[in-house]
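Structure record follows, encoded as structure tokens.
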Amino acid sequence: MKYMISVFLGAASYGILSTIVVLAYGKGYELGEVVGSQLLTGFILAWILTFIMKWREKWNNSKKMESSNKPIAVSTRLTWKQRLLLMAAGAPTAITGLLYYQSLRYIPASLAIILLFQFTWIGVLIQAVGQRKRPSGIMLFTIAILFGGTMLAAGIMEQGTGNFNVMGVVLGLLSAASYSMFILFSGKAVPSVHPAYRSAWMITGGLVLVFILFPPTFLFNGQLWGDLLLYGFLLGMFGAFIPPVLFAIGVPHIGEGMAGILGASELPVAVLLSSFVLNEHVSALQWIGVVVVLVGVALPELIKRRKNGLNRRTGISV
């Protein structure tokens, strides 16, 4: 249970971000300042964790050597090629943040998170095109449910499409596509390395990209020592540090399928906070749409588990 709670809280942390970003915009901060301060905080925290882990590993190895009088193998060091690969794999997460946070300038946070959640079917589409393989019937049914839930959750059934800012919607969908690419790339980039080390180098890559696109003038003009420090710290903690750590703890024990279901907690948390903290109107029909989207996210794993359970009871091997 503790591993399930770990993944749930990690995903819920992501749901807090949109509310913090809107509050930061309300204080007059710009996109580059918000994303830059977030990744800078995540960068510092991730590398502190990495150095602590390396120190503990060396200390444990020295203790084992003293007791056994035999040399202990040290963890394989990353080559520069592996480091650059991880940094490149971290670039999509920075792009996702830039697109997602910019969409919040045009559309409500409750709509932006729903658009971001379209990564669930965009990822399936990318894989189908890349592998030249048609998605299964269950997956197509799931996509239909997700699409219908999105229509309800976005308020399209009540308001139509005339009230939506086109730029905000496009940015929101692009953030979903970018997030899908991040998921695909991050799982294939040096998977043998400990998640904490991988996360530190990926955050480094994202930070370098953002600082190239938006030179970090906030480091020198005094803005960092105002409210930006608080917003950057909160965004870094809940967006770049806590979720990867909690996922690294929980996902190996509960599996990627259940992690995907629990990871959907990001959606209701974001909508709930946008309603209560930002005072955005979320109708009952939109909440029904949120529930439908959550069902769509969970459906493939639930069907898979039910099928496996039936196979075990009937003695059929899979």
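Lettering and numbering for the structure tokens are positional, with chains as A, B, ... in the shown order, residues counted from 1 in each chain, and ligands counted from 1 in the shown order.
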
(message) as an MDAnalysis selection string, please: the residues near stretch 210-223 of chain A (cut-off 12 Å, only C-alpha atoms, same-chain neighbours under 4 positions excluded).
(response) chainID A and resid 27:40 90:99 203:206 227:232

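The environment of stretch 111-128 of chain A within 7 Å, counting only C-alpha atoms and disregarding residues fewer than 6 places along the same chain, consists of A:Ser103, A:Leu104, A:Arg134, A:Pro135, A:Ile143, A:Thr150, A:Ala154, A:Gly172, A:Leu173, A:Ser175, A:Ala176, A:Ala177, A:Tyr179, A:Ser180, A:Leu267, A:Ala270.
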
(request) Write out as a PyMOL selection string all residues of stretch 129-224 of chain A that DSSP puts in alpha helix (DSSP H) for this structure's backbone. (result) chain A and resi 129-131+137-153+156-159+166-186+195-213

(request) Excluding A:Leu278 and any residue of its chain fewer than 4 positions from it, enumerate the residues within 12 Å of it, using only C-alpha atoms, and give them as a list in words. (result) Ile16, Ser18, Thr19, Ile20, Val21, Val22, Leu23, Ala24, Gly26, Pro108, Ala109, Ser110, Ala270, Val271, Leu272, Leu273, Ser274 and Val282 of chain A

(request) Counting only C-alpha atoms, figure out which residue out of A:Met237, A:Ala298, A:Ala12, A:Val170 gets nearest to A:Ile44. (result) A:Met237

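Here atom CA of A:Phe233 is placed at a distance of 8.1 Å from atom CA of A:Gly42.
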
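Among the candidates A:Met87, A:Val190, A:Ile242, A:Ile249, the one nearest to A:Ser13 when counting only C-alpha atoms is A:Ile242.
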
Could I get the residues of stretch 227-274 of chain A with an atom no further than 12 Å from an atom of stretch 47-57 of chain A, each paired with its nearest atom pair and that distance in Å to one decimal, using only C-alpha atoms, sorted by chain and residue number, as JSON lines?
```
{"residue": "A:Ala240", "atom": "CA", "partner": "A:Trp47", "partner_atom": "CA", "distance": 11.7}
{"residue": "A:Phe241", "atom": "CA", "partner": "A:Leu49", "partner_atom": "CA", "distance": 9.5}
{"residue": "A:Ile242", "atom": "CA", "partner": "A:Leu49", "partner_atom": "CA", "distance": 11.1}
{"residue": "A:Pro244", "atom": "CA", "partner": "A:Leu49", "partner_atom": "CA", "distance": 11.6}
{"residue": "A:Val245", "atom": "CA", "partner": "A:Leu49", "partner_atom": "CA", "distance": 9.5}
```

So that I have them on file, write out the residues from the current selection with N, CA and C atoms, as a short mmCIF file (atom, residue, chain, number, x, y, z; two decimals), in the first residue's frame.
```
data_model
loop_
_atom_site.label_atom_id
_atom_site.label_comp_id
_atom_site.auth_asym_id
_atom_site.auth_seq_id
_atom_site.Cartn_x
_atom_site.Cartn_y
_atom_site.Cartn_z
N ALA A 240 9.68 19.11 -10.26
CA ALA A 240 10.94 18.57 -10.77
C ALA A 240 11.65 17.65 -9.79
N PHE A 241 11.22 17.63 -8.53
CA PHE A 241 11.95 16.85 -7.53
C PHE A 241 11.12 15.75 -6.88
N ILE A 242 10.01 16.12 -6.23
CA ILE A 242 9.22 15.13 -5.48
C ILE A 242 8.66 14.02 -6.36
N PRO A 244 9.59 12.60 -9.37
CA PRO A 244 10.54 11.57 -9.80
C PRO A 244 11.02 10.68 -8.66
N VAL A 245 11.23 11.28 -7.48
CA VAL A 245 11.70 10.49 -6.33
C VAL A 245 10.62 9.50 -5.89
#
```

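Distance annotation: of A:Gly239, A:Val292, A:Leu17, A:Ile107, the residue with the minimal separation from A:Ala144 is A:Val292; atom set is only C-alpha atoms.
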
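The two atoms in question, atom CA of A:Pro243 and atom CA of A:Ala11, are spaced 6.4 Å apart.
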
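Taking only C-alpha atoms into account, A:Ala196 lies nearest to A:Ala248 out of the set A:Gln286, A:Arg105, A:Glu266, A:Ala248.
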
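Candidate residues A:Arg77, A:Arg132, A:Lys304, A:Arg83 were compared for distance to A:Trp201, and the nearest is A:Arg83, using only C-alpha atoms.
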
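Taking atom CA of A:Ala200 and atom CA of A:Leu85 as endpoints, the distance between them is 12.5 Å.
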